[in-house]
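S.K.: Pasting in a structure now, in structure tokens, and then I'll have a few things to ask.
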Amino acid sequence: MNAQQIKEGAQQYLANTYGRFDLVLERGKGATVSDTEGKEYIDLGSGIGVNSLGFADEGWVREVTKQLGKLAHTSNLYYSAPCVELAKVLCTRTGMKKVFFCNSGAEANEGAIKAARKYSLERYGKGRHTIVSLQNSFHGRTMATLSATGQDVFHQNFDPFLEGFRFAPAGDTDKTLSMLTEDVCAVMIELIQGEGGVVPLERDYVKAVADCCKKRDILLLVDEVQTGIGRTGKLLCCEHYGLLPDIITLAKGLGGGLPIGAVLFGEKCENTLGPGDHGSTFGGNPAVCAGALAVLSRLDDAMLGEIEKKGAYLRESFEKLPGVQSVTGLGLMIGLQPAEGIAARDIVTRAIQKGAIPLTAKSKVRLLPPLAISWEELEKAAAILSECFEEGE
Ligand SMILES: *Cc1c(COP(=O)(O)O)cnc(C)c1O
């Protein structure tokens, strides 16, 4: 199929759920990807925070291929090594106690919500099932995770939602604490709201909420689906906040390009979910876990340090630009607010024409480049993007 046939085929056969850019991608290496005509682009989105090591990383391909040749899939009715090894690495490196594997961020949050409700039911009985999440949050597209998502745009057309979700104003400590009433079993937060426009929570706010949760035995669920696995320059964004939550959810960058989600349980609720309570046919799939192990083996202190440096370089490059109103984010998760009257989507369209592919998040241009992006690719991308912002004025 040539580019035209692919676009027409998409129109005819794919459900029309995405507003796609006019770009047909074919193959990539590192942070560089080419279209069907062979034109090259620098990837600043990683397939929305997924391709941690970039495209076709040799070590990652080798490990996944090796596992595919041995045992691509088995069920969770039996034991196999890759998911156990991955769970061990995740627990050892995060201080969490147990892991449940699934296939996406939404599913990870579903698992977290179910665990929080059961934890509370077992201790306090019926009625203490409310989950407080934040306004402007994003937790996924399933019915429960949409119910937890604090943005009206995602709520149109799908009523009724699950009962027992309430949205607190992010950053407003008094208001948030006043919402932690007796019916609340958990608070669910993103430390940097990703889809909400790369908006970091303030440390004091997070500390106040975490302290209150601890005092009242309300579980703190931190959704690290976008911020986790090195994205912010630490393995978990929690580390920036000195936080050890009760439940952490992961997905996006964990598999390095293969679908995986994980729910990490802390001490309080490590045994809450028991046999039959929850499950997933593909969860802990050996090939996918081999990919995740390859990602984690590369994310050592040296690489995390590089991520911080590269993030700082990008932020500095854009802080000076008159076409950029504000720069937010940590590590290689960056939000750029274009000057008044300039649409983020127009900047992205222009960048694609010039050979770089950033994302948007609400009114911002969002950068989530592969964590393994080279300095050369980074500098080239920064130059292209700067031009796009300058022309926008
Ligand atoms: C992307 C995202 C999700 C949903 O993940 P999917 O894999 O698309 O289901 C949930 N939470 C956050 C913070 C995300 O960024």
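Residue names in the structure tokens use chain letters A, B, ... in the order shown, residue numbers from 1 in each chain, and ligand numbers from 1 in the order shown.
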Need the shell around Asn285 in chain A: protein/DNA/RNA residues with any atom at most 10 Å away, counting only C-alpha atoms. Skip same-chain ones fewer than 4 positions apart. Format as an MDAnalysis selection string?

M.R.: chainID A and resid 71:76 80 82:83 101:103 259:260 280:281 289:290

S.K.: Show me which residues line ligand 1, defined as having an atom within 10 Å of a ligand atom where only C-alpha atoms and all ligand atoms count, and present them as a VMD selection string.

M.R.: chain A and resid 48 to 50 102 to 110 137 to 142 145 to 146 149 189 to 196 222 to 228 249 to 253 259 to 261

S.K.: Please report, as a tab-separated table, each residue of range 185-235 of chain A lying at most 12 Å from range 265-268 of chain A, together with the nearest pair of atoms and the separation in Å rounded to one decimal; use only C-alpha atoms, and order rows by chain and ascending residue number.

M.R.:
```
residue	atom	partner	partner_atom	distance
A:Lys214	CA	A:Lys268	CA	10.6
A:Asp217	CA	A:Lys268	CA	9.3
A:Ile218	CA	A:Lys268	CA	10.5
A:Leu219	CA	A:Lys268	CA	8.5
A:Leu220	CA	A:Gly266	CA	10.1
A:Leu221	CA	A:Phe265	CA	9.4
A:Val222	CA	A:Phe265	CA	10.8
```

S.K.: Restricting the calculation to only C-alpha atoms, which member of A:Cys185, A:Val209, A:Ala351, A:Leu86 is positioned closest to Lys126 in chain A?

M.R.: A:Cys185

S.K.: May I ask which of the residues A:Tyr241, A:Lys70, A:Val198, A:Pro286 is the closest one to Lys362 in chain A, counting only C-alpha atoms?

M.R.: A:Val198

S.K.: Mind checking DSSP for range 160-192 of chain A and telling me the alpha helix (DSSP H) residues as a ChimeraX atom specification?

M.R.: /A:173-178

S.K.: Can you pull out the residues contacting Tyr205 in chain A? Cut-off 8 Å, using only C-alpha atoms, and skip same-chain residues under 2 positions away; I want them as a list in words.

M.R.: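 Using only C-alpha atoms, the neighbours found are Gly171, Asp172, Thr173, Leu201, Glu202, Arg203, Lys207, Ala208 and Val209 of chain A.
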
S.K.: Using backbone DSSP assignments, extract all strand (DSSP E or B) residues from range 213-291 of chain A; output them as a list in words.

M.R.: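 Taking range 213-291 of chain A and keeping strand (DSSP E or B) only, one gets Leu219, Leu220, Leu221, Val222, Asp223, Ile247, Ile248, Thr249, Leu250, Gly261, Ala262, Val263, Leu264 and Phe265 of chain A.
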
S.K.: Please produce a file of the residues just selected, as a compact mmCIF listing (two decimals), in the first residue's frame, where the atoms kept are N, CA, C and O atoms.

M.R.:
```txt
# COMPACT_ATOMS: atom_id res chain seq x y z
N LEU A 219 -6.51 5.44 50.94
CA LEU A 219 -5.38 5.02 50.08
C LEU A 219 -5.01 6.13 49.10
O LEU A 219 -5.88 6.79 48.53
N LEU A 220 -3.71 6.32 48.92
CA LEU A 220 -3.23 7.29 47.93
C LEU A 220 -2.80 6.53 46.68
O LEU A 220 -1.87 5.71 46.71
N LEU A 221 -3.53 6.78 45.58
CA LEU A 221 -3.25 6.14 44.30
C LEU A 221 -2.54 7.16 43.42
O LEU A 221 -3.11 8.21 43.12
N VAL A 222 -1.33 6.85 42.99
CA VAL A 222 -0.65 7.78 42.09
C VAL A 222 -0.57 7.16 40.69
O VAL A 222 -0.01 6.08 40.51
N ASP A 223 -1.19 7.84 39.76
CA ASP A 223 -1.22 7.40 38.36
C ASP A 223 0.06 7.89 37.68
O ASP A 223 0.20 9.06 37.33
N ILE A 247 -0.68 2.83 46.18
CA ILE A 247 -0.78 2.15 44.88
C ILE A 247 -0.20 3.07 43.81
O ILE A 247 -0.46 4.28 43.81
N ILE A 248 0.59 2.48 42.91
CA ILE A 248 1.13 3.23 41.77
C ILE A 248 0.71 2.49 40.50
O ILE A 248 0.81 1.26 40.45
N THR A 249 0.24 3.22 39.50
CA THR A 249 -0.06 2.57 38.23
C THR A 249 0.94 3.01 37.17
O THR A 249 1.37 4.16 37.14
N LEU A 250 1.31 2.05 36.32
CA LEU A 250 2.29 2.28 35.25
C LEU A 250 1.74 1.73 33.95
O LEU A 250 0.90 0.83 33.96
N GLY A 261 0.54 -2.80 31.22
CA GLY A 261 0.17 -1.93 32.33
C GLY A 261 0.53 -2.65 33.61
O GLY A 261 0.64 -3.88 33.63
N ALA A 262 0.75 -1.92 34.69
CA ALA A 262 1.09 -2.56 35.96
C ALA A 262 0.48 -1.78 37.11
O ALA A 262 0.46 -0.55 37.10
N VAL A 263 -0.05 -2.51 38.09
CA VAL A 263 -0.51 -1.91 39.33
C VAL A 263 0.48 -2.34 40.41
O VAL A 263 0.68 -3.54 40.62
N LEU A 264 1.13 -1.37 41.05
CA LEU A 264 2.09 -1.68 42.10
C LEU A 264 1.42 -1.42 43.44
O LEU A 264 0.91 -0.32 43.69
N PHE A 265 1.40 -2.44 44.28
CA PHE A 265 0.76 -2.32 45.58
C PHE A 265 1.79 -2.14 46.69
O PHE A 265 2.78 -2.86 46.73
```

S.K.: Rounded to one decimal place, report the CA of Ala148 in chain A-CA of Val187 in chain A distance in Å.

M.R.: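 Interatomic distance here is 10.1 Å.
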
S.K.: So that I can check the surroundings of Asp159 in chain A, please list as a PyMOL selection string every protein, DNA and RNA residue that reaches within 12 Å of it, counting only C-alpha atoms and ignoring chain neighbours fewer than 5 positions away.

M.R.: chain A and resi 143-144+146-147+152+154

S.K.: Please, could you write that set of residues out with N, CA, C and O atoms as a PDB file, in the first residue's frame?

M.R.:
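The file below, again.pdb, is the result:
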```
ATOM      1  N   MET A 143     -15.045   2.871  31.335  1.00  0.00           N
ATOM      2  CA  MET A 143     -16.100   3.574  32.070  1.00  0.00           C
ATOM      3  C   MET A 143     -15.658   3.986  33.481  1.00  0.00           C
ATOM      4  O   MET A 143     -15.958   5.090  33.922  1.00  0.00           O
ATOM      5  N   ALA A 144     -14.933   3.112  34.191  1.00  0.00           N
ATOM      6  CA  ALA A 144     -14.503   3.490  35.544  1.00  0.00           C
ATOM      7  C   ALA A 144     -13.447   4.586  35.498  1.00  0.00           C
ATOM      8  O   ALA A 144     -13.488   5.536  36.284  1.00  0.00           O
ATOM      9  N   LEU A 146     -12.947   6.740  33.095  1.00  0.00           N
ATOM     10  CA  LEU A 146     -13.582   7.990  32.657  1.00  0.00           C
ATOM     11  C   LEU A 146     -14.315   8.625  33.829  1.00  0.00           C
ATOM     12  O   LEU A 146     -14.327   9.846  33.987  1.00  0.00           O
ATOM     13  N   SER A 147     -14.921   7.776  34.654  1.00  0.00           N
ATOM     14  CA  SER A 147     -15.617   8.293  35.840  1.00  0.00           C
ATOM     15  C   SER A 147     -14.634   9.010  36.760  1.00  0.00           C
ATOM     16  O   SER A 147     -15.003   9.937  37.466  1.00  0.00           O
ATOM     17  N   ASP A 152     -14.571  17.508  31.513  1.00  0.00           N
ATOM     18  CA  ASP A 152     -15.895  17.347  30.906  1.00  0.00           C
ATOM     19  C   ASP A 152     -15.849  16.855  29.462  1.00  0.00           C
ATOM     20  O   ASP A 152     -16.718  16.115  29.027  1.00  0.00           O
ATOM     21  N   PHE A 154     -14.313  14.634  28.051  1.00  0.00           N
ATOM     22  CA  PHE A 154     -14.317  13.179  27.902  1.00  0.00           C
ATOM     23  C   PHE A 154     -15.631  12.560  28.357  1.00  0.00           C
ATOM     24  O   PHE A 154     -15.841  11.366  28.222  1.00  0.00           O
TER      25      PHE A 154
END
```

S.K.: Have a look at A:Ala302, A:Glu377, A:Cys269, A:Gly355 and name the one nearest to Glu122 in chain A; count only C-alpha atoms.

M.R.: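 Answer, going by the shortest atom-to-atom distance: A:Cys269.
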
S.K.: Given only C-alpha atoms as the basis, pick out the residue of A:Gly311, A:Gly9, A:Pro160, A:Gly197 nearest to Glu379 in chain A.

M.R.: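 When distances to Glu379 in chain A are compared using only C-alpha atoms, the smallest one comes from A:Gly311.
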
S.K.: Using only C-alpha atoms, which residues sit within 6 Å of Phe167 in chain A once same-chain residues fewer than 6 positions away are excluded, as a ChimeraX atom specification?

M.R.: /A:132-135

S.K.: Find the residues around Asn271 in chain A up to 12 Å (only C-alpha atoms counted), leave out those fewer than 6 positions away in its own chain, and share them as a PDB file with C-alpha atoms, in the first residue's frame.

M.R.:
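Writing done, so here's result_17.pdb:
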```pdb
ATOM      1  CA  LYS A  97       5.476  -4.914  47.507  1.00  0.00           C
ATOM      2  CA  LYS A  98       3.475  -6.658  44.800  1.00  0.00           C
ATOM      3  CA  VAL A  99       2.547  -6.172  41.151  1.00  0.00           C
ATOM      4  CA  PHE A 100      -0.504  -6.970  39.029  1.00  0.00           C
ATOM      5  CA  ALA A 115      -8.285  -2.750  44.983  1.00  0.00           C
ATOM      6  CA  ALA A 116      -9.011   0.515  46.807  1.00  0.00           C
ATOM      7  CA  LYS A 118     -12.064  -3.815  48.348  1.00  0.00           C
ATOM      8  CA  TYR A 119      -9.467  -2.606  50.850  1.00  0.00           C
ATOM      9  CA  GLU A 122     -12.940  -5.234  54.193  1.00  0.00           C
ATOM     10  CA  LEU A 264       2.090  -1.676  42.098  1.00  0.00           C
ATOM     11  CA  PHE A 265       0.755  -2.318  45.583  1.00  0.00           C
ATOM     12  CA  ASP A 277     -10.759 -10.961  42.338  1.00  0.00           C
TER      13      ASP A 277
END
```

S.K.: I'd like the contact shell of Arg350 in chain A - 10 Å cut-off, only C-alpha atoms, skipping same-chain residues fewer than 3 positions apart - returned as a ChimeraX atom specification.

M.R.: /A:344-347,353-357,384-385,387-389,391-392

S.K.: May I ask for the distance between CA of Leu299 in chain A and CA of Glu270 in chain A, given in Å to one decimal place?

M.R.: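 Calculated distance between CA of Leu299 in chain A and CA of Glu270 in chain A is 25.5 Å.
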
S.K.: Report, in Å with one decimal, the straight-line distance from CA of Gly329 in chain A to CA of Asp174 in chain A.

M.R.: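 Separation between CA of Gly329 in chain A and CA of Asp174 in chain A: 24.6 Å.
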